[in-house]
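Undergrad: What follows is run-v9.txt; its format and atoms are compact mmCIF, C-alpha atoms and all ligand atoms.
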# COMPACT_ATOMS: atom_id res chain seq x y z
CA MET H 1 0.00 0.00 0.00
CA SER H 2 1.02 3.61 -0.47
CA ILE H 3 -0.48 7.02 0.15
CA GLN H 4 -3.53 7.76 -2.04
CA ALA H 5 -5.37 11.04 -2.43
CA ILE H 6 -8.28 12.83 -4.03
CA VAL H 7 -8.71 16.57 -4.56
CA LEU H 8 -11.89 18.65 -4.25
CA LEU H 9 -11.46 21.64 -6.55
CA GLY H 10 -13.96 24.45 -6.99
CA ALA H 11 -14.75 28.12 -6.61
CA PRO H 12 -15.50 29.62 -3.20
CA GLY H 13 -18.94 28.37 -2.17
CA ALA H 14 -18.90 25.41 -4.58
CA GLY H 15 -19.42 23.09 -1.60
CA LYS H 16 -15.92 21.65 -1.06
CA GLY H 17 -16.13 21.74 2.72
CA THR H 18 -19.70 20.43 2.76
CA MET H 19 -18.81 17.49 0.49
CA ALA H 20 -15.66 16.74 2.48
CA GLU H 21 -17.61 16.66 5.75
CA ALA H 22 -20.05 14.09 4.30
CA ILE H 23 -17.44 11.96 2.51
CA ARG H 24 -15.11 11.71 5.49
CA GLY H 25 -18.02 10.44 7.62
CA ALA H 26 -18.59 7.56 5.20
CA THR H 27 -15.00 6.68 4.22
CA ALA H 28 -11.48 6.41 5.62
CA PHE H 29 -10.32 9.64 3.97
CA ILE H 30 -8.39 12.07 6.13
CA HIS H 31 -9.82 15.54 5.37
CA VAL H 32 -7.09 18.11 4.72
CA SER H 33 -8.57 21.59 4.36
CA THR H 34 -5.89 24.25 4.01
CA GLY H 35 -8.52 26.92 4.78
CA ASP H 36 -9.41 25.19 8.08
CA MET H 37 -5.73 24.69 8.96
CA LEU H 38 -5.04 28.38 8.38
CA ARG H 39 -8.07 29.45 10.46
CA GLU H 40 -6.85 27.18 13.28
CA ALA H 41 -3.40 28.78 13.04
CA ILE H 42 -4.99 32.25 13.21
CA ASN H 43 -7.03 31.29 16.28
CA ALA H 44 -3.93 29.83 17.94
CA GLY H 45 -1.93 33.00 17.14
CA THR H 46 0.96 31.09 15.55
CA PRO H 47 3.48 32.78 13.19
CA VAL H 48 1.80 30.99 10.23
CA GLY H 49 -1.58 32.28 11.41
CA ARG H 50 -0.32 35.86 11.73
CA GLU H 51 1.15 35.75 8.22
CA ALA H 52 -1.94 34.10 6.67
CA GLU H 53 -4.50 36.41 8.29
CA VAL H 54 -3.35 39.44 6.31
CA PHE H 55 -3.99 37.66 3.00
CA MET H 56 -7.20 35.88 4.03
CA ARG H 57 -8.87 39.07 5.24
CA GLN H 58 -8.37 40.55 1.77
CA GLY H 59 -9.59 37.43 -0.03
CA ALA H 60 -6.12 36.87 -1.51
CA LEU H 61 -4.21 33.59 -1.60
CA VAL H 62 -1.68 32.84 1.12
CA PRO H 63 1.86 32.47 -0.36
CA ASP H 64 2.66 29.02 -1.77
CA GLU H 65 5.62 28.44 0.57
CA VAL H 66 3.41 28.86 3.67
CA ILE H 67 0.79 26.48 2.27
CA LEU H 68 3.31 23.84 1.24
CA LYS H 69 4.92 23.91 4.67
CA ILE H 70 1.62 23.13 6.44
CA VAL H 71 0.56 20.50 3.89
CA MET H 72 3.91 18.67 4.05
CA ALA H 73 3.75 18.69 7.85
CA ARG H 74 0.26 17.15 7.60
CA LEU H 75 1.50 14.41 5.25
CA GLU H 76 4.09 13.40 7.85
CA GLN H 77 1.31 12.63 10.36
CA GLY H 78 -0.83 10.29 8.25
CA GLY H 79 1.34 7.21 7.91
CA PRO H 80 2.56 5.37 4.80
CA ASP H 81 -0.84 4.13 3.56
CA ALA H 82 -3.10 7.07 4.43
CA LEU H 83 -6.02 8.19 2.23
CA TYR H 84 -6.15 11.97 1.92
CA MET H 85 -8.94 14.19 0.70
CA PHE H 86 -7.58 17.65 -0.11
CA ASP H 87 -10.10 20.51 0.11
CA GLY H 88 -8.89 23.86 -1.24
CA PHE H 89 -5.43 22.52 -2.10
CA PRO H 90 -3.76 22.81 -4.54
CA ARG H 91 -4.83 26.26 -5.61
CA THR H 92 -2.03 27.41 -7.91
CA LEU H 93 -0.04 25.63 -10.63
CA GLU H 94 3.03 25.90 -8.42
CA GLN H 95 1.23 24.10 -5.56
CA ALA H 96 0.03 21.39 -7.98
CA ARG H 97 3.48 20.83 -9.43
CA LEU H 98 5.15 20.65 -6.02
CA MET H 99 2.44 18.28 -4.79
CA ASP H 100 3.12 16.04 -7.82
CA ALA H 101 6.84 16.07 -7.13
CA GLU H 102 6.26 15.18 -3.48
CA PHE H 103 3.84 12.39 -4.42
CA THR H 104 6.36 10.94 -6.89
CA ARG H 105 9.05 11.05 -4.20
CA ARG H 106 6.79 9.17 -1.77
CA GLY H 107 5.32 6.72 -4.34
CA ALA H 108 1.90 8.24 -3.58
CA LYS H 109 -1.02 8.27 -6.03
CA LEU H 110 -3.55 11.00 -6.84
CA SER H 111 -6.61 9.09 -8.11
CA HIS H 112 -9.38 11.70 -8.67
CA VAL H 113 -9.71 15.47 -8.94
CA PHE H 114 -13.38 16.44 -8.57
CA LEU H 115 -14.25 19.86 -9.99
CA LEU H 116 -17.37 21.00 -8.12
CA ASP H 117 -19.15 23.09 -10.72
CA VAL H 118 -21.50 25.92 -9.71
CA SER H 119 -22.45 29.23 -11.28
CA ARG H 120 -21.24 32.54 -9.85
CA ALA H 121 -24.81 33.26 -8.72
CA VAL H 122 -24.93 30.03 -6.68
CA SER H 123 -21.53 30.79 -5.09
CA LEU H 124 -22.70 34.25 -4.07
CA GLU H 125 -25.97 32.99 -2.62
CA ARG H 126 -24.28 30.18 -0.68
CA LEU H 127 -21.48 32.26 0.82
CA GLY H 128 -23.84 35.10 1.75
CA GLY H 129 -25.99 32.64 3.73
CA ARG H 130 -23.25 30.47 5.22
CA ARG H 131 -23.10 30.16 9.00
CA ILE H 132 -20.34 28.36 10.92
CA CYS H 133 -20.41 27.05 14.47
CA ARG H 134 -17.90 28.97 16.59
CA ARG H 135 -17.36 25.91 18.79
CA CYS H 136 -17.21 22.82 16.50
CA GLY H 137 -16.89 24.38 13.03
CA ALA H 138 -20.04 22.72 11.61
CA ASN H 139 -21.31 24.37 8.44
CA PHE H 140 -24.92 25.55 7.82
CA HIS H 141 -26.80 27.79 5.40
CA VAL H 142 -29.64 30.03 6.51
CA ARG H 143 -31.98 28.72 3.79
CA ASN H 144 -30.45 25.64 2.11
CA ILE H 145 -29.12 23.78 5.14
CA PRO H 146 -30.69 25.58 8.10
CA PRO H 147 -30.03 24.64 11.71
CA LYS H 148 -33.07 23.37 13.66
CA LYS H 149 -32.92 26.50 15.82
CA ALA H 150 -31.81 29.78 14.18
CA GLY H 151 -28.27 30.79 15.17
CA ILE H 152 -27.58 27.59 17.16
CA CYS H 153 -25.50 24.59 16.06
CA ASP H 154 -27.43 21.29 15.77
CA ASN H 155 -24.34 19.28 16.78
CA CYS H 156 -23.04 21.02 19.88
CA GLY H 157 -25.37 23.94 20.70
CA GLY H 158 -22.62 26.45 19.88
CA GLU H 159 -23.28 29.91 18.46
CA LEU H 160 -23.38 30.25 14.65
CA SER H 161 -21.59 33.15 12.97
CA GLN H 162 -20.40 34.40 9.57
CA ARG H 163 -16.83 33.81 8.45
CA PRO H 164 -14.83 37.09 8.42
CA ASP H 165 -14.09 36.62 4.69
CA ASP H 166 -17.79 36.16 3.82
CA SER H 167 -18.49 39.89 3.48
CA ARG H 168 -19.83 40.77 0.01
CA ALA H 169 -16.66 42.64 -1.04
CA THR H 170 -14.32 39.83 0.06
CA ILE H 171 -16.49 37.16 -1.58
CA LEU H 172 -16.24 39.06 -4.90
CA LYS H 173 -12.46 39.29 -4.50
CA ARG H 174 -12.18 35.54 -3.73
CA LEU H 175 -14.21 34.68 -6.85
CA GLU H 176 -11.89 36.88 -8.94
CA VAL H 177 -8.80 35.26 -7.39
CA PHE H 178 -10.23 31.81 -8.18
CA GLN H 179 -10.60 32.73 -11.86
CA GLN H 180 -7.13 34.26 -12.05
CA GLN H 181 -5.07 31.81 -10.00
CA THR H 182 -6.92 28.50 -9.59
CA ALA H 183 -9.09 27.92 -12.67
CA GLY H 184 -5.93 27.02 -14.64
CA LEU H 185 -5.74 23.79 -12.62
CA VAL H 186 -8.77 22.46 -14.52
CA ALA H 187 -6.74 22.18 -17.75
CA TYR H 188 -3.71 20.87 -15.82
CA TYR H 189 -5.65 17.93 -14.36
CA GLU H 190 -7.76 17.42 -17.50
CA LYS H 191 -4.57 16.84 -19.49
CA ARG H 192 -3.50 14.20 -16.99
CA GLY H 193 -6.87 12.42 -17.24
CA LEU H 194 -7.67 12.99 -13.55
CA LEU H 195 -10.40 15.62 -13.72
CA GLN H 196 -14.05 14.73 -13.13
CA ARG H 197 -16.71 17.46 -13.37
CA VAL H 198 -19.45 17.23 -10.77
CA ASP H 199 -22.58 19.39 -10.92
CA SER H 200 -22.57 20.80 -7.39
CA SER H 201 -25.56 23.12 -7.76
CA GLY H 202 -28.22 20.61 -6.65
CA PRO H 203 -29.16 19.39 -3.18
CA ARG H 204 -26.24 18.38 -0.96
CA ASP H 205 -27.15 14.69 -0.70
CA GLU H 206 -27.39 14.27 -4.49
CA THR H 207 -23.89 15.67 -4.99
CA VAL H 208 -22.50 13.49 -2.20
CA ALA H 209 -24.09 10.39 -3.79
CA ASP H 210 -22.65 11.34 -7.19
CA ILE H 211 -19.11 11.61 -5.80
CA MET H 212 -19.41 8.43 -3.72
CA LYS H 213 -20.50 6.51 -6.84
CA ARG H 214 -17.48 7.74 -8.78
CA LEU H 215 -15.17 6.74 -5.92
CA GLN H 216 -16.34 3.11 -5.92
P1 LIG N 1 -11.16 28.15 2.07
O1 LIG N 1 -11.59 27.97 3.46
O2 LIG N 1 -10.66 26.96 1.31
O3 LIG N 1 -12.34 28.89 1.31
P2 LIG N 1 -12.88 28.84 -0.21
O4 LIG N 1 -12.08 28.04 -1.18
O5 LIG N 1 -13.13 30.25 -0.55
O6 LIG N 1 -14.09 27.98 -0.11
P3 LIG N 1 -15.23 28.08 0.92
O7 LIG N 1 -14.85 27.39 2.19
O8 LIG N 1 -15.70 29.49 1.05
O9 LIG N 1 -16.37 27.31 0.14
P4 LIG N 1 -16.67 25.76 -0.03
O10 LIG N 1 -16.49 25.41 -1.46
O11 LIG N 1 -15.92 24.93 0.97
O12 LIG N 1 -18.21 25.79 0.28
P5 LIG N 1 -19.01 25.26 1.56
O13 LIG N 1 -19.03 23.76 1.54
O14 LIG N 1 -18.55 25.94 2.80
O15 LIG N 1 -10.00 29.24 1.98
C1 LIG N 1 -10.14 30.47 2.65
C2 LIG N 1 -8.91 31.31 2.40
O16 LIG N 1 -7.73 30.64 2.88
C3 LIG N 1 -8.59 31.61 0.93
O17 LIG N 1 -9.30 32.75 0.46
C4 LIG N 1 -7.07 31.84 0.99
O18 LIG N 1 -6.79 33.12 1.50
C5 LIG N 1 -6.61 30.83 2.02
N1 LIG N 1 -6.23 29.54 1.43
C6 LIG N 1 -6.82 28.33 1.67
N2 LIG N 1 -6.21 27.36 0.98
C7 LIG N 1 -5.21 27.96 0.28
C8 LIG N 1 -4.24 27.47 -0.64
N3 LIG N 1 -4.16 26.17 -0.98
N4 LIG N 1 -3.38 28.37 -1.19
C9 LIG N 1 -3.41 29.68 -0.85
N5 LIG N 1 -4.32 30.21 0.03
C10 LIG N 1 -5.21 29.35 0.57
O19 LIG N 1 -20.48 25.74 1.16
C11 LIG N 1 -20.83 27.13 1.18
C12 LIG N 1 -22.25 27.30 1.74
O20 LIG N 1 -23.19 26.65 0.87
C13 LIG N 1 -22.47 26.66 3.11
O21 LIG N 1 -23.34 27.47 3.83
C14 LIG N 1 -23.13 25.32 2.82
O22 LIG N 1 -23.96 24.91 3.88
C15 LIG N 1 -23.93 25.64 1.56
N6 LIG N 1 -24.01 24.50 0.65
C16 LIG N 1 -22.99 23.68 0.32
N7 LIG N 1 -23.39 22.72 -0.55
C17 LIG N 1 -24.71 22.97 -0.77
C18 LIG N 1 -25.68 22.35 -1.59
N8 LIG N 1 -25.41 21.29 -2.37
N9 LIG N 1 -26.91 22.87 -1.61
C19 LIG N 1 -27.19 23.93 -0.89
N10 LIG N 1 -26.31 24.57 -0.06
C20 LIG N 1 -25.08 24.11 -0.02
Using structure tokens, write down the structure that the file contains.
Ligand code: AP5
TA:
Amino acid sequence: MSIQAIVLLGAPGAGKGTMAEAIRGATAFIHVSTGDMLREAINAGTPVGREAEVFMRQGALVPDEVILKIVMARLEQGGPDALYMFDGFPRTLEQARLMDAEFTRRGAKLSHVFLLDVSRAVSLERLGGRRICRRCGANFHVRNIPPKKAGICDNCGGELSQRPDDSRATILKRLEVFQQQTAGLVAYYEKRGLLQRVDSSGPRDETVADIMKRLQ
């Protein structure tokens, strides 16, 4: 056995985190979300967190060298036959190339890259209505995936709040950054025969079922 991995690629609000949460509950995949790792670093006040916060607040990408450092550290923890599900990584051609080089060095295999496809209008609507639990990080949407009690997490009773980068202006910037710096990865993985397009605009459970079927 060797390390195997899949990638969830998609614009802000495409549903990467939502899919990852569902898939990891039904499989042995270890969920690696660079966005979550950076938010944890910010909350812990680490040097990585302090550096990342400046970029994240503006909706810009965090420099590749910072991202690669945290991802490589994560790979060291999983063991030689771990299954990884990357969410929000890679995000630039440089990250993808360095990930490939590292996978070759370790004899690891990238098996699927799922492009979660949604329109700009869907991204805007989803991010504007997203609510996150301050305590356990669970993800809701005020209309699409509402909590049983408004403002309260179903899982732990924690308070729900908006992510700091979910203001309208920062959402627009993140969508622009996706087009400029990440959309090029679609052609990169298409050429290598790894890309699978998934319509992510329907109900959550339908998209989860679609991905699970393709993973079998
Ligand atoms: P990150 O946290 O990765 O944010 P993002 O890519 O902008 O994506 P989001 O988390 O906003 O959206 P998502 O696709 O996960 O959607 P979700 O499932 O939450 O990154 C944040 C920042 O960190 C970046 O801007 C950058 O600064 C930095 N960063 C991170 N990784 C980096 C990297 N590799 N390189 C450089 N910088 C990096 O869904 C959204 C909402 O829709 C939720 O409310 C959800 O409940 C709802 N929803 C989801 N699916 C459905 C559905 N099927 N139907 C209805 N509602 C749905």
Undergrad: Report the distance between atom CA of H:Ile132 and atom CA of H:Ser161 in Å, rounded to one decimal place.
TA: 5.4 Å
Undergrad: Go through chain H residue by residue and, counting only C-alpha atoms and all ligand atoms, keep those with an atom at most 7 Å from ligand LIG 1 (chain N); for each kept residue give the shortest atom pair and its distance in Å to one decimal, ordered by chain and increasing number, as a tab-separated table.
TA:
residue	atom	partner	partner_atom	distance
H:Gly10	CA	N:LIG1	O10	6.2
H:Ala11	CA	N:LIG1	O4	6.1
H:Pro12	CA	N:LIG1	O5	3.6
H:Gly13	CA	N:LIG1	O9	3.6
H:Ala14	CA	N:LIG1	O10	3.9
H:Gly15	CA	N:LIG1	O13	3.2
H:Lys16	CA	N:LIG1	O10	3.8
H:Gly17	CA	N:LIG1	O11	3.6
H:Thr18	CA	N:LIG1	O13	3.6
H:Met19	CA	N:LIG1	O13	6.4
H:Ser33	CA	N:LIG1	O2	6.5
H:Thr34	CA	N:LIG1	N2	4.4
H:Gly35	CA	N:LIG1	O1	3.5
H:Asp36	CA	N:LIG1	O1	5.8
H:Leu38	CA	N:LIG1	O16	6.5
H:Phe55	CA	N:LIG1	O18	5.5
H:Met56	CA	N:LIG1	O18	3.8
H:Gly59	CA	N:LIG1	O17	4.7
H:Ala60	CA	N:LIG1	O18	4.9
H:Leu61	CA	N:LIG1	N5	3.8
H:Val62	CA	N:LIG1	N5	3.9
H:Pro63	CA	N:LIG1	C9	6.0
H:Asp64	CA	N:LIG1	N4	6.1
H:Ile67	CA	N:LIG1	N4	5.7
H:Asp87	CA	N:LIG1	O2	6.6
H:Gly88	CA	N:LIG1	O2	4.4
H:Phe89	CA	N:LIG1	N3	4.0
H:Pro90	CA	N:LIG1	N3	4.9
H:Arg91	CA	N:LIG1	N3	4.7
H:Thr92	CA	N:LIG1	N4	6.9
H:Arg126	CA	N:LIG1	O20	4.0
H:Leu127	CA	N:LIG1	C12	5.1
H:Gly129	CA	N:LIG1	O21	5.8
H:Arg130	CA	N:LIG1	O21	3.3
H:Arg131	CA	N:LIG1	O21	5.8
H:Asn139	CA	N:LIG1	O22	5.3
H:Phe140	CA	N:LIG1	O22	4.1
H:His141	CA	N:LIG1	O21	3.8
H:Asn144	CA	N:LIG1	C19	4.7
H:Ile145	CA	N:LIG1	O22	5.4
H:Arg174	CA	N:LIG1	O17	5.8
H:Ser200	CA	N:LIG1	N8	5.8
H:Ser201	CA	N:LIG1	N8	5.7
H:Gly202	CA	N:LIG1	N8	5.2
H:Pro203	CA	N:LIG1	N8	4.3
H:Arg204	CA	N:LIG1	N8	3.3
H:Thr207	CA	N:LIG1	N8	6.4
Undergrad: Using all atoms listed in the file, which residue out of H:Ile3, H:Val122, H:Ile211, H:Ile42 lies closest to H:Leu175?
TA: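 Using all atoms listed in the file, the shortest distance to H:Leu175 belongs to H:Val122.
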Undergrad: Which residues come within 12 Å of H:Arg214, counting all atoms listed in the file, excluding same-chain residues fewer than 6 positions away, as a compact mmCIF listing (two decimals) with C-alpha atoms, keeping the file's coordinate frame?
TA:
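What ended up in part04.txt:
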# COMPACT_ATOMS: atom_id res chain seq x y z
CA ILE H 6 -8.28 12.83 -4.03
CA SER H 111 -6.61 9.09 -8.11
CA HIS H 112 -9.38 11.70 -8.67
CA VAL H 113 -9.71 15.47 -8.94
CA PHE H 114 -13.38 16.44 -8.57
CA LEU H 195 -10.40 15.62 -13.72
CA GLN H 196 -14.05 14.73 -13.13
CA ARG H 197 -16.71 17.46 -13.37
CA VAL H 198 -19.45 17.23 -10.77
CA THR H 207 -23.89 15.67 -4.99
CA VAL H 208 -22.50 13.49 -2.20
Undergrad: Counting all atoms listed in the file, figure out which residue out of H:Leu172, H:Val66, H:Ala187, H:Ala209 gets nearest to H:Arg120.
TA: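 Smallest separation from H:Arg120 among the options: H:Leu172.
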Undergrad: Quick one, how far is atom CA of H:Ala138 from atom CA of H:Asp166?
TA: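 According to the coordinates, atom CA of H:Ala138 and atom CA of H:Asp166 are separated by 15.7 Å.
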Undergrad: Within 8 Å of stretch 69-78 of chain H, counting only C-alpha atoms, which residues show up once you throw out same-chain ones fewer than 3 positions away? Write them as a ChimeraX atom specification, please.
TA: /H:32,34,37,65-66,81-82
Undergrad: Name the closest residue to H:Val177 among the candidates H:Ala20, H:Gln58, H:Gly151, H:Val7; distances are taken between atoms, counting only C-alpha atoms.
TA: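 Under the stated criterion, the closest residue is H:Gln58.
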Undergrad: With all atoms listed in the file as the atoms that count, which of H:Lys173, H:Lys109, H:Arg57, H:Lys149 lies nearest to H:Leu194?
TA: H:Lys109
Undergrad: Considering all atoms listed in the file, can you say which of H:Thr104, H:Thr46, H:Gln95, H:Thr27 comes closest to H:Thr182?
TA: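 Looking at the shortest contact to H:Thr182, the residue is H:Gln95.
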Undergrad: How far is it from atom CA of H:Glu21 to atom CA of H:Asn155, in Å with one decimal?
TA: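 That distance, rounded to one decimal, is 13.2 Å.
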Undergrad: Nearest to H:Ala169: which of H:Leu124, H:Leu93, H:Val118, H:Val48 is it, counting only C-alpha atoms?
TA: H:Leu124
Undergrad: Please return the centre and edge lengths, in Å to one decimal, of a box with edges along x, y and z that contains all listed atoms of stretch 112-115 of chain H, widened by 3 Å on every side, as lines of an AutoDock Vina configuration file.
TA:
center_x = -11.8
center_y = 15.8
center_z = -9.3
size_x = 10.9
size_y = 14.2
size_z = 7.4
Undergrad: What lies within 10 Å of H:Cys136 using all atoms listed in the file, ignoring chain neighbours under 6 positions off, as a list in words?
TA: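 Listing them by chain and then by number gives Cys153, Asn155, Cys156, Gly157, Gly158, Glu159 and Leu160 of chain H.
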Undergrad: Please list as a ChimeraX atom specification every residue within 7 Å of H:Tyr84, counting only C-alpha atoms and excluding residues in the same chain fewer than 3 positions away.
TA: /H:4-6,29-32
Undergrad: Rebuild stretch 140-157 of chain H so that it carries N, CA, C and O atoms, then output the result as a compact mmCIF listing (two decimals), keeping the file's coordinate frame.
TA:
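Output below, filename result02.txt:
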# COMPACT_ATOMS: atom_id res chain seq x y z
N PHE H 140 -23.47 25.49 8.12
CA PHE H 140 -24.92 25.55 7.82
C PHE H 140 -25.15 26.63 6.76
O PHE H 140 -24.25 27.38 6.41
N HIS H 141 -26.40 26.69 6.29
CA HIS H 141 -26.80 27.79 5.40
C HIS H 141 -28.18 28.24 5.85
O HIS H 141 -29.04 27.39 6.13
N VAL H 142 -28.39 29.53 5.92
CA VAL H 142 -29.64 30.03 6.51
C VAL H 142 -30.89 29.50 5.81
O VAL H 142 -31.92 29.30 6.46
N ARG H 143 -30.81 29.27 4.50
CA ARG H 143 -31.98 28.72 3.79
C ARG H 143 -31.79 27.28 3.34
O ARG H 143 -32.66 26.44 3.54
N ASN H 144 -30.63 26.96 2.73
CA ASN H 144 -30.45 25.64 2.11
C ASN H 144 -30.25 24.51 3.11
O ASN H 144 -30.75 23.41 2.93
N ILE H 145 -29.43 24.81 4.13
CA ILE H 145 -29.12 23.78 5.14
C ILE H 145 -29.27 24.45 6.51
O ILE H 145 -28.28 24.71 7.21
N PRO H 146 -30.52 24.79 6.88
CA PRO H 146 -30.69 25.58 8.10
C PRO H 146 -30.54 24.73 9.36
O PRO H 146 -30.88 23.55 9.36
N PRO H 147 -30.05 25.36 10.43
CA PRO H 147 -30.03 24.64 11.71
C PRO H 147 -31.47 24.52 12.23
O PRO H 147 -32.34 25.29 11.81
N LYS H 148 -31.70 23.56 13.14
CA LYS H 148 -33.07 23.37 13.66
C LYS H 148 -33.53 24.64 14.38
O LYS H 148 -34.67 25.05 14.28
N LYS H 149 -32.58 25.26 15.12
CA LYS H 149 -32.92 26.50 15.82
C LYS H 149 -32.01 27.61 15.28
O LYS H 149 -30.77 27.43 15.27
N ALA H 150 -32.60 28.71 14.83
CA ALA H 150 -31.81 29.78 14.18
C ALA H 150 -30.64 30.22 15.06
O ALA H 150 -30.81 30.50 16.26
N GLY H 151 -29.44 30.26 14.47
CA GLY H 151 -28.27 30.79 15.17
C GLY H 151 -27.59 29.81 16.11
O GLY H 151 -26.57 30.14 16.73
N ILE H 152 -28.14 28.57 16.20
CA ILE H 152 -27.58 27.59 17.16
C ILE H 152 -27.18 26.31 16.41
O ILE H 152 -27.95 25.79 15.58
N CYS H 153 -26.00 25.79 16.73
CA CYS H 153 -25.50 24.59 16.06
C CYS H 153 -26.28 23.34 16.49
O CYS H 153 -26.48 23.12 17.69
N ASP H 154 -26.71 22.54 15.48
CA ASP H 154 -27.43 21.29 15.77
C ASP H 154 -26.55 20.29 16.53
O ASP H 154 -27.03 19.49 17.32
N ASN H 155 -25.24 20.31 16.23
CA ASN H 155 -24.34 19.28 16.78
C ASN H 155 -23.96 19.52 18.22
O ASN H 155 -23.97 18.60 19.03
N CYS H 156 -23.61 20.80 18.55
CA CYS H 156 -23.04 21.02 19.88
C CYS H 156 -23.71 22.17 20.63
O CYS H 156 -23.30 22.48 21.76
N GLY H 157 -24.69 22.83 20.01
CA GLY H 157 -25.37 23.94 20.70
C GLY H 157 -24.58 25.23 20.68
O GLY H 157 -24.97 26.22 21.31
